[in-house]
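Notes follow once the structure below has been shown.
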Amino acid sequence: MTPAELLRAMFQAAVEAALPAICVPAHLPKRPKGRTVIIGAGKASGAMAKALEDAWDGPLEGLVVTRYGYRVPTKRLEVVEAAHPVPDEAGRDAARRIFKLVQGLSEDDLVLCLISGGGSALLALPAEGLTLEDKQAVNKALLKSGATISEMNTVRKHLSAIKGGRLAAAAAPAKVVALMISDVPGDDPSIIASGPTVPDPSTNEDALGIIEKYRIDVPKAVLTRLHTADETPKPGDPRFTRVENIMIATPQASLEAAAAVAHEAGVKPVILGDSIEGESRDVALVHAGIARQCAMRGQPEKPPCVLISGGETTITLKGKGKGGRNTEFLLALAIALDGMPGIYALAGDTDGVDGSEDNAGALIYPDTLARAAKAGISAKAMLADNDPWTFFNGIGDLLMTGPTLTNVNDFRAVLIEKR
């Protein structure tokens with residue numbers, strides 16, 4: 001198996017460990033006396049709905065919203081598509097319908113929620129006093145700011161009529177069971193899809209602090225809302241007595257699946273962490289330093305070994321190029337390694353889309369910079385312009401998977417061969 005084949009096999013194992021067809025059936029609750037209402041949002045929600053349909057032995061009804069291109073055929077449940085990462089009218093309309101579906105239920109009814117990453121943008125139901133255009137403006141600004149996913153979703157919760165626990169509160173007194181595929185560092189259920197079924201410990205003041213921290217220019221209506229609106233439901237709220245949030249797939253489980261593939265190939269896996277955050281290019285510098293230490297000093301592991309990590313890095317956009325956090329990480333990593341022999345790497349988003357482009361990520365090789373230079377492509381200039389997609393597309397090293405129908409965040413693997 002070549003280094004690239006091993007890295008691809010590891011990425012595939014990470015994805016397969018989080019596929020809804022595997023994860024959903026094992027966590028289904030008992031059938032209720034009353035109705036079973038299914039709602040869902042996220043990049044994996046379409047596949048989760050299909051897995052639920054195949055495994056559920058009773059009547060069900062409902063609606064889930066997923067990203068454009070991520071819908072799978074279902075027979076009993078309606079699956080609609082909407083925009084991500086910036087919400088659109090389809091997401092707003094779906095969120096409005098979902099919110100209505102969970103209201104007016106009884107104690108005998110069950111609301112089964114299928115929640116995965118991406119659900120925050122897809123459940124775009126503006127709070128009172130706000131418009132979809134307000135939410136679009138905030139989302140665009142947050143994505144450019146360098147804010148972490150936790151910070152972004154803290155702001156989003158307080159601008160929504162459905163997130164931050166408001167969905168589950170509206171469903172009371174029905175029993176609510178949320179099956180969650182985590183895409184956030186630390187697997188905090190209140191952050192996944194901005195926690196529509198989880199009481200919210202954050203406050204309007206916290207959201208204002210994040211806007212100030214990153215100097216985000218937001219519409220006046222947003223500031224008015226955060227200064228004057230009521231709070232999201234908090235821990236201890238009695239409406240959450242019959243709410244259960246279950247994590248059915250996590251980044252850590254996917255990293256362990258990838259590690260097993262490396263071990264089987266005779267390569268020692270070193271899991272650095274499943275919740276690594278920070279600027280993509282800064283995280284790349286740290287990975288490069290550890291890789292060099294392995295190659296030259298045999299620490300923390302002697303080659304052949306592979307450094308594996310997950311989490312969600314960020315990009316503070318200053319250039320006008322194309323790409324996502326994984327390709328930005330790899331371009332910065334390639335520059336830092338400067339053609340060091342025997343080191344290869346892959347980074348990709350487990351949902352199959354890195355940022356807003358059509359690739360999951362990319363790969364780098366010891367000769368990446370040399371091949372780029374031969375093609376007249378400047379790695380440093382591309383990085384300065386936030387243009388990693390153009391760089392890797394130019395040398396044919398993009399990782400193309402198409403929609404994977406799951407999402408446990410980013411996967412990074414740096415392989416150090418034995419010299």
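Note on naming: chains are A, B, ... as they come in the structure tokens, residues start from 1 per chain, ligands start from 1 in the order shown.
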
Give one line per residue of stretch 42-71 of chain A that approaches stretch 14-35 of chain A to at most 6 Å, naming the two atoms of the closest pair and their distance in Å to one decimal, counting only C-alpha atoms; sort by chain then ascending residue number and deliver it as CSV.
residue,atom,partner,partner_atom,distance
A:Met48,CA,A:Pro20,CA,5.1
A:Ala51,CA,A:Ala21,CA,5.0
A:Ala55,CA,A:Pro25,CA,5.9

Check your understanding: Which residues in stretch 155-397 of chain A does DSSP call helix (DSSP H, G or I)? List them as an MDAnalysis selection string.
Key -> chainID A and resid 155:157 166:171 185:187 192:194 204:213 220:228 238:240 251:264 280:297 325:337 368:374 379:384 388:395

Revision key, fill the gap. Using only C-alpha atoms, the shortest atom-to-atom distance to A:Lys380 among A:Leu333, A:Ala259, A:Val353, A:Ile395 belongs to A:Leu333

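The closest residue to A:Ala362, picked from A:Lys318, A:Arg412, A:Lys75, A:Lys374 and counting only C-alpha atoms, is A:Arg412.
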
Point to revise | Near-stretch 83-97 of chain A list (7 Å; only C-alpha atoms; drop same-chain fewer than 5 positions) as a ChimeraX atom specification | key: /A:65,67-68,118,121-125,136,139-140

Export N, CA and C atoms of the chosen residues as a compact mmCIF listing (two decimals), in the first residue's frame?
# COMPACT_ATOMS: atom_id res chain seq x y z
N VAL A 65 -34.35 18.55 7.09
CA VAL A 65 -33.73 19.44 6.12
C VAL A 65 -32.24 19.17 6.08
N ARG A 67 -28.43 19.61 3.45
CA ARG A 67 -27.75 20.49 2.49
C ARG A 67 -28.08 20.07 1.06
N TYR A 68 -28.05 21.06 0.15
CA TYR A 68 -28.25 20.74 -1.26
C TYR A 68 -27.27 19.66 -1.69
N GLY A 118 -24.03 21.21 10.64
CA GLY A 118 -24.64 21.94 9.53
C GLY A 118 -26.07 22.34 9.82
N ALA A 121 -27.10 26.31 10.24
CA ALA A 121 -27.43 27.11 9.06
C ALA A 121 -28.71 26.65 8.40
N LEU A 122 -29.02 25.37 8.50
CA LEU A 122 -30.18 24.81 7.81
C LEU A 122 -31.49 25.10 8.55
N LEU A 123 -31.42 25.25 9.88
CA LEU A 123 -32.61 25.61 10.67
C LEU A 123 -32.66 27.12 10.81
N ALA A 124 -32.95 27.79 9.73
CA ALA A 124 -32.83 29.25 9.69
C ALA A 124 -34.17 29.92 9.97
N LEU A 125 -34.60 29.89 11.23
CA LEU A 125 -35.85 30.55 11.61
C LEU A 125 -35.51 31.77 12.46
N GLN A 136 -28.40 36.04 7.38
CA GLN A 136 -27.41 35.82 6.33
C GLN A 136 -26.19 36.71 6.51
N ASN A 139 -24.14 35.39 9.46
CA ASN A 139 -23.43 34.16 9.11
C ASN A 139 -22.20 34.43 8.25
N LYS A 140 -22.36 35.27 7.24
CA LYS A 140 -21.24 35.60 6.36
C LYS A 140 -20.10 36.25 7.15

Exercise for review: Do a neighbour search on A:Arg325 at 7 Å with only C-alpha atoms, toss out local chain neighbours closer than 4 positions, and write the hits as a PyMOL selection string.
Suggested key: chain A and resi 280+313-315+329+354-355

Export C-alpha atoms of the chosen residues as a short mmCIF file (atom, residue, chain, number, x, y, z; two decimals), in the first residue's frame?
data_model
loop_
_atom_site.label_atom_id
_atom_site.label_comp_id
_atom_site.auth_asym_id
_atom_site.auth_seq_id
_atom_site.Cartn_x
_atom_site.Cartn_y
_atom_site.Cartn_z
CA SER A 280 -5.56 26.48 10.13
CA THR A 313 -9.80 24.89 12.64
CA THR A 314 -10.70 28.38 11.48
CA ILE A 315 -9.60 30.83 8.80
CA PHE A 329 -4.01 23.61 6.69
CA ASP A 354 -14.15 21.53 2.48
CA GLY A 355 -15.56 25.00 2.89
#

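For the pair atom CA of A:Leu179 and atom CA of A:Val72, the separation is 18.2 Å.
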
Practice item. May I have all residues of stretch 246-300 of chain A that DSSP, computed from the backbone, assigns to strand (DSSP E), given as a PyMOL selection string? Key: chain A and resi 246-249+268-276

Let's have the selection written as a PDB file, in the first residue's frame, with N, CA and C atoms.
ATOM      1  N   ILE A 246     -28.739  11.962  22.708  1.00  0.00           N
ATOM      2  CA  ILE A 246     -27.872  10.787  22.600  1.00  0.00           C
ATOM      3  C   ILE A 246     -26.837  10.999  21.494  1.00  0.00           C
ATOM      4  N   MET A 247     -25.558  10.874  21.845  1.00  0.00           N
ATOM      5  CA  MET A 247     -24.483  10.994  20.866  1.00  0.00           C
ATOM      6  C   MET A 247     -24.293   9.633  20.203  1.00  0.00           C
ATOM      7  N   ILE A 248     -24.539   9.549  18.894  1.00  0.00           N
ATOM      8  CA  ILE A 248     -24.456   8.249  18.215  1.00  0.00           C
ATOM      9  C   ILE A 248     -23.199   8.114  17.352  1.00  0.00           C
ATOM     10  N   ALA A 249     -22.514   9.200  17.065  1.00  0.00           N
ATOM     11  CA  ALA A 249     -21.250   9.145  16.335  1.00  0.00           C
ATOM     12  C   ALA A 249     -20.429  10.362  16.727  1.00  0.00           C
ATOM     13  N   LYS A 268       2.461   2.902  13.243  1.00  0.00           N
ATOM     14  CA  LYS A 268       2.029   3.250  14.596  1.00  0.00           C
ATOM     15  C   LYS A 268       1.176   4.517  14.581  1.00  0.00           C
ATOM     16  N   PRO A 269      -0.086   4.439  14.996  1.00  0.00           N
ATOM     17  CA  PRO A 269      -0.924   5.646  15.038  1.00  0.00           C
ATOM     18  C   PRO A 269      -0.706   6.447  16.322  1.00  0.00           C
ATOM     19  N   VAL A 270      -0.675   7.761  16.191  1.00  0.00           N
ATOM     20  CA  VAL A 270      -0.573   8.664  17.337  1.00  0.00           C
ATOM     21  C   VAL A 270      -1.726   9.658  17.235  1.00  0.00           C
ATOM     22  N   ILE A 271      -2.742   9.485  18.075  1.00  0.00           N
ATOM     23  CA  ILE A 271      -3.891  10.397  18.054  1.00  0.00           C
ATOM     24  C   ILE A 271      -3.556  11.626  18.900  1.00  0.00           C
ATOM     25  N   LEU A 272      -3.471  12.766  18.234  1.00  0.00           N
ATOM     26  CA  LEU A 272      -3.105  14.006  18.919  1.00  0.00           C
ATOM     27  C   LEU A 272      -4.290  14.644  19.630  1.00  0.00           C
ATOM     28  N   GLY A 273      -5.504  14.367  19.162  1.00  0.00           N
ATOM     29  CA  GLY A 273      -6.687  14.944  19.800  1.00  0.00           C
ATOM     30  C   GLY A 273      -7.839  15.023  18.831  1.00  0.00           C
ATOM     31  N   ASP A 274      -9.050  14.972  19.367  1.00  0.00           N
ATOM     32  CA  ASP A 274     -10.246  15.029  18.527  1.00  0.00           C
ATOM     33  C   ASP A 274     -10.918  16.394  18.556  1.00  0.00           C
ATOM     34  N   SER A 275     -10.311  17.357  19.245  1.00  0.00           N
ATOM     35  CA  SER A 275     -10.971  18.657  19.399  1.00  0.00           C
ATOM     36  C   SER A 275      -9.990  19.806  19.235  1.00  0.00           C
ATOM     37  N   ILE A 276      -9.121  19.690  18.240  1.00  0.00           N
ATOM     38  CA  ILE A 276      -8.108  20.716  18.001  1.00  0.00           C
ATOM     39  C   ILE A 276      -8.719  21.904  17.258  1.00  0.00           C
TER      40      ILE A 276
END

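Pairwise distance (atom CA of A:Val138, atom CA of A:Leu159) equals 9.5 Å.
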
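Among A:Gln12, A:Gln299, A:Ser202, A:Ser378, the residue with the shortest atom-to-atom distance to A:Asp351, counting only C-alpha atoms, is A:Gln12.
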
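Between A:Leu317 and the candidates A:Leu142, A:Ile211, A:Ala172, A:Ala375, the tightest atom-to-atom separation, counting only C-alpha atoms, involves A:Leu142.
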
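If only C-alpha atoms are the atoms counted, then among A:Thr390, A:Lys157, A:Gly352, A:Leu415 the closest residue to A:His287 is A:Leu415.
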
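Residues in contact with A:Glu328 at up to 8 Å, not including ones fewer than 3 positions away on its chain and judged by only C-alpha atoms, are Ser280, Arg281, Gly323, Gly324, Arg325, Leu331, Ala332, Leu383, Asn386, Asp387 and Pro388 of chain A.
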
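Residues surrounding stretch 231-244 of chain A within 8 Å are Lys157, His158, Gly164, Gly165, Arg166, Ala168, Ala169, Ala172, Pro173, Ala174, Lys175, Val176, Val177, Ala178, Thr197, Val198, Pro199, Asp200, Pro201, Thr203 and Asn204 of chain A [only C-alpha atoms; sequence separation below 6 positions excluded].
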
Exercise for review: Enter the distance from atom CA of A:Gly402 to atom CA of A:Ser309, in Å, rounded to one decimal.
Suggested key: 21.8 Å

Review point. With distances taken over only C-alpha atoms, which of A:Ala295, A:Val286, A:Ala384, A:Ala207 is nearest to A:Lys320?
Key: A:Ala384

Practice item. Find the residues near A:Ser45: any atom within 7 Å, counting only C-alpha atoms, skip ones fewer than 4 places away on the same chain, and give them as a ChimeraX atom specification. Key: /A:40-41,49,64-66,114-116
